[in-house]
Number of protein chains: 2
Amino acid sequence: MTTTTPGRRERLRAETVTEIKHAARRLLVAGGPAAISLRAIARDLGMTAPALYRYFASLDALILAIVTDLFEDLRAAVADAALAHSDEEPLVRVGHMARAFRRWSLDRPAEFALMFGSPINDAGARFGETFFTVLGEHYARHPFGGEAPDLPDPALRELFKPYLDTFGDRFPLPVIYLFVAAWTRLYGIVAMEVFGHLRWAMTDVEPLFEVELARTVSRLAR
Amino acid sequence: MTTTTPGRRERLRAETVTEIKHAARRLLVAGGPAAISLRAIARDLGMTAPALYRYFASLDALILAIVTDLFEDLRAAVADAALAHSDEEPLVRVGHMARAFRRWSLDRPAEFALMFGSPINDAGARFGETFFTVLGEHYARHPFGGEAPDLPDPALRELFKPYLDTFGDRFPLPVIYLFVAAWTRLYGIVAMEVFGHLRWAMTDVEPLFEVELARTVSRLAR
DNA sequence: CCATTTTCGTGAACGCCGTTTACCCTCGCA
DNA sequence: TGCGAGGGTAAACGGCGTTCACGAAAATGG
């Protein structure tokens, strides 16, 4: 006497989809991005590989879905860090968000490699949104008084056209510039640490990270 | 009447090795890191796949060899940039080297992804050596007078143990710190540009790169 | 100069992989 | 109650890395 709620079929389908994704993430963690295979997932779920095509159009489509989920995970982790310090100054909160980004990435090197190690995703924008929200609070309290980089305003407007088209001009252009610059620094140090590209030089990247973070955040405060 | 010079066999063998590598690089450029396959290489060379095992122990060994070659290519490109401006101030030359790194990487996105997009190589050290040489000239003329980051000297010495073990203490520890920090910034902005992770924000990364480079180099000058 | 050993290649095979196709069973619904 | 759609299977194709047995050809040395 199964309850014939409208959408029971859809519920089972959604459960199978998440099971597939979970199996894929297990494979990802265990063996890196290249270890994700439809046949291995099917084995995990007690199915055959062609059955997965009822849920995803191809392996690439599945991986794209996983990358999207991972960006949402990361965004949530960073947003949680902001929420956990909601009584602090906005720029202090940004620091905690950056640390959350680093921690999340170090704990998930395989996922990080899948997300950032190759040219796929456009989900980076949605991720930046999280930082923009907190930065907005700072500039609402302390209007931007710094100086622009050595670029005239029209050139900057042309330069940031993709950003302006998506987010509008919520911030002064120099602020966007500073944010992107800060984001590249944060990415650089975290990616090099996650990929082990600094092990030839240092044992622990955290002190470097903290000093650079402090410098970068203070630059945002101008 | 083939000249039986000692090492004729070795010469043919070396030629085959470079042919294999060249075919692999063609596949890499055409289809990315995942497109490198022994069977495709063998087809290109008019051989069968098992024959390649006379030259490389496995596909991974071949890829490792290619990565090593690529780092040497990159190192040479950067060293050339330094040589082409040998009459300039050392820190100006470092700027040209950084631009050469960016240009080389943007022109070879597939190679860049293979080298830096996943945790393999230890060749980064040899690559950093190139920068150290030019930096050494600067600090020979202008002894370091800046301030250390907020870390006591013993802690820094412990932190940079891997570097010290390989390169010795040619530079004051704060200089090493500044170099690694500069390297993470350079890597961050170039990697994000190569991987397209900034396209959601800006059309052209070069202005950002130039401003950040100027700031980073001036920091090295303290 | 001939015999021997080393080197370099092939072809077949194994077990992976993504993907397509034809088919079948079993729900959910009219 | 009948039926159509959804969700599964088995078989097959081509591609992959890798191993193995085997043969030809070239270098070696007595």
# chains A, B, ... in the order shown; residues from 1 in each chain; ligands from 1
call {"tool": "closest_atom_pairs", "arguments": {"of": "chain B", "to": "chain D", "cutoff": "12 Å", "atoms": "only C-alpha atoms (C1' of nucleotides)", "output": "CSV"}}
result
residue,atom,partner,partner_atom,distance
B:Thr2,CA,D:DA26,C1',11.2
B:Thr4,CA,D:DA27,C1',9.0
B:Thr5,CA,D:DA27,C1',11.2
B:Pro6,CA,D:DA27,C1',10.3
B:Gly7,CA,D:DA27,C1',10.6
B:Arg8,CA,D:DA27,C1',10.0
B:Arg9,CA,D:DA27,C1',8.7
B:Glu10,CA,D:DA27,C1',11.7
B:Ala34,CA,D:DC16,C1',11.3
B:Ala35,CA,D:DC16,C1',10.8
B:Ile36,CA,D:DC16,C1',10.7
B:Ser37,CA,D:DC16,C1',7.6
B:Leu38,CA,D:DG17,C1',7.8
B:Arg39,CA,D:DC16,C1',7.7
B:Ala40,CA,D:DC16,C1',9.8
B:Ala49,CA,D:DG17,C1',9.1
B:Pro50,CA,D:DT18,C1',8.0
B:Ala51,CA,D:DT18,C1',11.5
B:Leu52,CA,D:DT18,C1',11.1
B:Tyr53,CA,D:DT18,C1',9.2
B:Ala57,CA,D:DT18,C1',10.2
B:Ser58,CA,D:DG17,C1',8.2
B:Leu59,CA,D:DG17,C1',7.6
B:Asp60,CA,D:DG17,C1',10.2
call {"tool": "write_last_selection", "arguments": {"atoms": "N, CA and C atoms", "output": "CSV table (one decimal), in the first residue's frame"}}
result
chain,number,residue,atom,x,y,z
B,2,THR,N,77.6,0.7,-42.9
B,2,THR,CA,77.2,1.7,-41.9
B,2,THR,C,78.3,1.9,-40.9
B,4,THR,N,80.1,2.1,-37.9
B,4,THR,CA,79.8,1.5,-36.6
B,4,THR,C,80.4,2.3,-35.4
B,5,THR,N,80.0,3.6,-35.5
B,5,THR,CA,80.5,4.4,-34.3
B,5,THR,C,79.9,3.9,-33.0
B,6,PRO,N,80.7,3.9,-32.0
B,6,PRO,CA,80.2,3.5,-30.7
B,6,PRO,C,79.1,4.5,-30.3
B,7,GLY,N,77.9,3.9,-30.2
B,7,GLY,CA,76.7,4.8,-29.8
B,7,GLY,C,75.8,5.1,-30.9
B,8,ARG,N,75.9,4.4,-32.0
B,8,ARG,CA,74.9,4.6,-33.0
B,8,ARG,C,73.5,4.1,-32.6
B,9,ARG,N,73.5,3.0,-31.9
B,9,ARG,CA,72.3,2.5,-31.4
B,9,ARG,C,71.6,3.5,-30.4
B,10,GLU,N,72.5,4.0,-29.6
B,10,GLU,CA,72.0,5.0,-28.6
B,10,GLU,C,71.4,6.2,-29.3
B,34,ALA,N,44.4,14.8,-21.0
B,34,ALA,CA,43.8,13.5,-21.0
B,34,ALA,C,43.9,12.9,-22.4
B,35,ALA,N,44.3,13.7,-23.4
B,35,ALA,CA,44.4,13.2,-24.8
B,35,ALA,C,45.7,12.4,-25.1
B,36,ILE,N,46.6,12.5,-24.1
B,36,ILE,CA,47.9,11.8,-24.3
B,36,ILE,C,47.6,10.3,-24.1
B,37,SER,N,47.8,9.5,-25.1
B,37,SER,CA,47.6,8.0,-25.0
B,37,SER,C,48.7,7.3,-25.8
B,38,LEU,N,49.1,6.2,-25.2
B,38,LEU,CA,50.2,5.5,-25.9
B,38,LEU,C,49.8,5.0,-27.3
B,39,ARG,N,48.5,4.6,-27.4
B,39,ARG,CA,48.1,4.1,-28.7
B,39,ARG,C,48.1,5.2,-29.7
B,40,ALA,N,47.6,6.3,-29.4
B,40,ALA,CA,47.6,7.5,-30.3
B,40,ALA,C,49.0,7.8,-30.7
B,49,ALA,N,51.5,0.1,-29.9
B,49,ALA,CA,51.6,0.6,-28.5
B,49,ALA,C,52.6,-0.1,-27.7
B,50,PRO,N,52.7,-1.4,-27.7
B,50,PRO,CA,53.6,-2.1,-26.8
B,50,PRO,C,55.1,-1.7,-27.1
B,51,ALA,N,55.4,-1.3,-28.3
B,51,ALA,CA,56.7,-0.9,-28.6
B,51,ALA,C,57.2,0.3,-27.8
B,52,LEU,N,56.3,1.1,-27.4
B,52,LEU,CA,56.7,2.3,-26.6
B,52,LEU,C,57.2,1.9,-25.2
B,53,TYR,N,56.9,0.7,-24.8
B,53,TYR,CA,57.4,0.2,-23.5
B,53,TYR,C,58.9,0.0,-23.5
B,57,ALA,N,58.6,3.3,-19.2
B,57,ALA,CA,58.1,2.1,-18.4
B,57,ALA,C,56.6,2.1,-18.3
B,58,SER,N,56.0,3.3,-18.5
B,58,SER,CA,54.5,3.4,-18.4
B,58,SER,C,54.1,4.7,-19.0
B,59,LEU,N,52.8,4.9,-19.2
B,59,LEU,CA,52.3,6.2,-19.6
B,59,LEU,C,52.6,7.3,-18.6
B,60,ASP,N,52.5,7.0,-17.3
B,60,ASP,CA,52.8,8.0,-16.3
B,60,ASP,C,54.3,8.4,-16.4
call {"tool": "closest_atom_pairs", "arguments": {"of": "chain B", "to": "chain A", "cutoff": "6 Å", "atoms": "only C-alpha atoms", "output": "CSV"}}
result
residue,atom,partner,partner_atom,distance
B:Gly117,CA,A:Gly117,CA,4.5
B:Ser118,CA,A:Phe195,CA,6.0
B:Pro119,CA,A:Phe195,CA,4.5
B:Leu159,CA,A:Met202,CA,5.4
B:Phe160,CA,A:Met202,CA,4.5
B:Pro162,CA,A:Ala201,CA,5.1
B:Tyr163,CA,A:Ala201,CA,4.2
B:Thr184,CA,A:Gly188,CA,5.1
B:Arg185,CA,A:Arg185,CA,5.1
B:Tyr187,CA,A:Gly188,CA,5.7
B:Gly188,CA,A:Gly188,CA,3.3
B:Ile189,CA,A:Thr184,CA,5.1
B:Phe195,CA,A:Pro119,CA,4.6
B:Trp200,CA,A:Pro162,CA,5.6
B:Ala201,CA,A:Tyr163,CA,4.2
B:Met202,CA,A:Phe160,CA,4.4
B:Thr203,CA,A:Leu159,CA,5.5
call {"tool": "interface_residues", "arguments": {"of": "chain C", "to": "chain A", "cutoff": "9 Å", "atoms": "only C-alpha atoms (C1' of nucleotides)", "output": "VMD selection string"}}
result
chain C and resid 17 to 19 28
call {"tool": "write_last_selection", "arguments": {"atoms": "C-alpha atoms (C1' of nucleotides)", "output": "PDB file, in the first residue's frame"}}
result
ATOM      1  C1'  DC C  17      36.570   2.444 -19.915  1.00  0.00           C
ATOM      2  C1'  DG C  18      32.233   5.469 -22.322  1.00  0.00           C
ATOM      3  C1'  DT C  19      28.530   4.895 -25.134  1.00  0.00           C
ATOM      4  C1'  DG C  28       1.639   4.369 -12.209  1.00  0.00           C
TER       5       DG C  28
END
call {"tool": "select_by_dssp", "arguments": {"residues": "chain A", "states": "alpha helix (DSSP H)", "output": "MDAnalysis selection string"}}
result
chainID A and resid 8:31 38:45 59:84 90:107 109:116 124:141 153:159 161:167 173:194 206:220
call {"tool": "write_last_selection", "arguments": {"atoms": "C-alpha atoms", "output": "compact mmCIF listing (two decimals), in the first residue's frame"}}
result
# COMPACT_ATOMS: atom_id res chain seq x y z
CA ARG A 8 6.65 9.50 -5.83
CA ARG A 9 8.43 8.52 -9.01
CA GLU A 10 10.26 11.81 -8.93
CA ARG A 11 11.32 11.27 -5.34
CA LEU A 12 12.86 7.89 -6.06
CA ARG A 13 14.54 9.39 -9.06
CA ALA A 14 16.01 12.22 -6.99
CA GLU A 15 17.26 9.73 -4.42
CA THR A 16 19.00 7.73 -7.12
CA VAL A 17 20.57 10.90 -8.49
CA THR A 18 22.05 11.79 -5.10
CA GLU A 19 23.24 8.20 -4.62
CA ILE A 20 25.03 8.40 -7.95
CA LYS A 21 26.65 11.68 -6.96
CA HIS A 22 27.68 10.31 -3.60
CA ALA A 23 29.30 7.28 -5.20
CA ALA A 24 31.10 9.54 -7.66
CA ARG A 25 32.43 11.69 -4.83
CA ARG A 26 33.68 8.62 -3.00
CA LEU A 27 35.61 7.63 -6.10
CA LEU A 28 36.88 11.18 -6.47
CA VAL A 29 38.18 11.28 -2.91
CA ALA A 30 39.70 7.82 -3.18
CA GLY A 31 41.47 8.18 -6.50
CA LEU A 38 30.40 5.26 -14.76
CA ARG A 39 31.15 1.58 -14.48
CA ALA A 40 32.65 1.94 -11.01
CA ILE A 41 29.67 4.00 -9.87
CA ALA A 42 27.31 1.40 -11.28
CA ARG A 43 29.17 -1.35 -9.44
CA ASP A 44 28.87 0.63 -6.19
CA LEU A 45 25.13 0.97 -6.66
CA LEU A 59 30.08 11.21 -17.74
CA ASP A 60 30.95 14.84 -18.40
CA ALA A 61 27.44 15.92 -17.50
CA LEU A 62 27.71 14.02 -14.22
CA ILE A 63 31.06 15.59 -13.44
CA LEU A 64 29.69 19.03 -14.24
CA ALA A 65 26.84 18.41 -11.81
CA ILE A 66 29.31 17.36 -9.14
CA VAL A 67 31.46 20.44 -9.71
CA THR A 68 28.36 22.60 -9.35
CA ASP A 69 27.50 20.87 -6.08
CA LEU A 70 31.04 21.29 -4.83
CA PHE A 71 30.97 25.02 -5.50
CA GLU A 72 27.75 25.21 -3.56
CA ASP A 73 29.38 23.28 -0.70
CA LEU A 74 32.31 25.65 -0.71
CA ARG A 75 30.07 28.68 -0.87
CA ALA A 76 28.09 27.38 2.09
CA ALA A 77 31.25 26.74 4.11
CA VAL A 78 32.46 30.28 3.47
CA ALA A 79 29.03 31.74 4.21
CA ASP A 80 28.94 29.78 7.47
CA ALA A 81 32.25 31.29 8.49
CA ALA A 82 30.83 34.74 7.82
CA LEU A 83 27.72 33.93 9.82
CA ALA A 84 29.71 32.53 12.73
CA PRO A 90 33.17 43.11 7.91
CA LEU A 91 36.84 42.96 6.99
CA VAL A 92 37.53 40.66 9.93
CA ARG A 93 34.73 38.47 8.69
CA VAL A 94 36.33 38.45 5.25
CA GLY A 95 39.46 37.11 6.88
CA HIS A 96 37.49 34.29 8.47
CA MET A 97 35.90 33.55 5.11
CA ALA A 98 39.32 33.32 3.51
CA ARG A 99 40.45 30.91 6.22
CA ALA A 100 37.32 28.83 5.64
CA PHE A 101 38.17 28.71 1.95
CA ARG A 102 41.67 27.51 2.74
CA ARG A 103 40.52 24.92 5.25
CA TRP A 104 37.81 23.56 2.96
CA SER A 105 40.31 23.27 0.12
CA LEU A 106 43.07 21.62 2.16
CA ASP A 107 40.59 19.09 3.48
CA PRO A 109 42.39 18.27 -2.38
CA ALA A 110 40.76 15.97 -4.94
CA GLU A 111 37.64 18.09 -5.06
CA PHE A 112 39.74 21.24 -5.31
CA ALA A 113 41.67 19.81 -8.24
CA LEU A 114 38.42 18.97 -9.99
CA MET A 115 37.01 22.46 -9.44
CA PHE A 116 40.03 24.66 -10.04
CA GLY A 124 33.27 31.10 -9.75
CA ALA A 125 30.98 34.09 -10.11
CA ARG A 126 28.34 32.73 -7.76
CA PHE A 127 31.13 31.96 -5.31
CA GLY A 128 32.49 35.52 -5.44
CA GLU A 129 29.02 36.79 -4.65
CA THR A 130 29.45 35.57 -1.07
CA PHE A 131 32.45 37.79 -0.57
CA PHE A 132 30.77 40.75 -2.24
CA THR A 133 27.97 40.65 0.28
CA VAL A 134 30.27 41.06 3.25
CA LEU A 135 32.47 43.55 1.45
CA GLY A 136 29.35 45.61 0.76
CA GLU A 137 28.79 45.98 4.48
CA HIS A 138 32.28 47.34 4.94
CA TYR A 139 32.01 49.93 2.21
CA ALA A 140 28.56 50.93 3.45
CA ARG A 141 30.18 51.89 6.75
CA ASP A 153 37.82 55.06 -15.11
CA PRO A 154 36.58 54.42 -18.67
CA ALA A 155 39.30 51.84 -19.16
CA LEU A 156 38.33 50.15 -15.90
CA ARG A 157 34.69 50.13 -16.97
CA GLU A 158 35.64 48.45 -20.21
CA LEU A 159 37.90 46.03 -18.35
CA LYS A 161 32.45 44.64 -18.48
CA PRO A 162 31.68 40.98 -17.69
CA TYR A 163 31.39 41.78 -14.02
CA LEU A 164 29.26 44.86 -14.58
CA ASP A 165 26.94 42.95 -16.89
CA THR A 166 26.28 40.35 -14.23
CA PHE A 167 26.40 42.26 -10.96
CA LEU A 173 35.37 50.21 -9.93
CA PRO A 174 38.61 50.41 -7.90
CA VAL A 175 36.93 48.27 -5.28
CA ILE A 176 36.18 45.60 -7.86
CA TYR A 177 39.76 45.81 -8.95
CA LEU A 178 40.99 45.35 -5.41
CA PHE A 179 38.62 42.45 -4.87
CA VAL A 180 39.77 40.56 -7.95
CA ALA A 181 43.38 41.22 -7.04
CA ALA A 182 42.74 39.89 -3.54
CA TRP A 183 40.96 36.85 -4.96
CA THR A 184 43.92 35.98 -7.20
CA ARG A 185 46.27 36.19 -4.21
CA LEU A 186 44.03 34.01 -2.08
CA TYR A 187 43.66 31.50 -4.90
CA GLY A 188 47.38 31.50 -5.61
CA ILE A 189 48.53 30.67 -2.13
CA VAL A 190 45.78 28.12 -1.47
CA ALA A 191 46.16 26.36 -4.81
CA MET A 192 49.92 26.11 -4.45
CA GLU A 193 49.52 24.71 -0.96
CA VAL A 194 46.83 22.21 -1.96
CA GLU A 206 49.83 28.76 7.33
CA PRO A 207 52.14 31.53 8.61
CA LEU A 208 52.65 32.77 5.06
CA PHE A 209 48.91 32.57 4.51
CA GLU A 210 48.15 34.60 7.62
CA VAL A 211 50.66 37.35 6.83
CA GLU A 212 49.50 37.62 3.24
CA LEU A 213 45.87 37.58 4.30
CA ALA A 214 46.45 40.42 6.75
CA ARG A 215 48.21 42.48 4.09
CA THR A 216 45.54 41.79 1.49
CA VAL A 217 42.64 42.59 3.78
CA SER A 218 44.27 45.78 4.94
CA ARG A 219 44.61 46.78 1.31
CA LEU A 220 40.86 46.37 0.92
call {"tool": "atom_distance", "arguments": {"atom1": "atom CA of Ala148 of chain A", "atom2": "atom CA of Gly168 of chain A"}}
result
18.7 Å
call {"tool": "atom_distance", "arguments": {"atom1": "atom CA of Gly145 of chain A", "atom2": "atom CA of Arg170 of chain A"}}
result
15.7 Å
call {"tool": "residues_around", "arguments": {"residues": "Phe144 of chain A", "least_positions_apart": "6", "cutoff": "8 Å", "atoms": "only C-alpha atoms (C1' of nucleotides)", "output": "ChimeraX atom specification"}}
result
/A:172,175,221-222
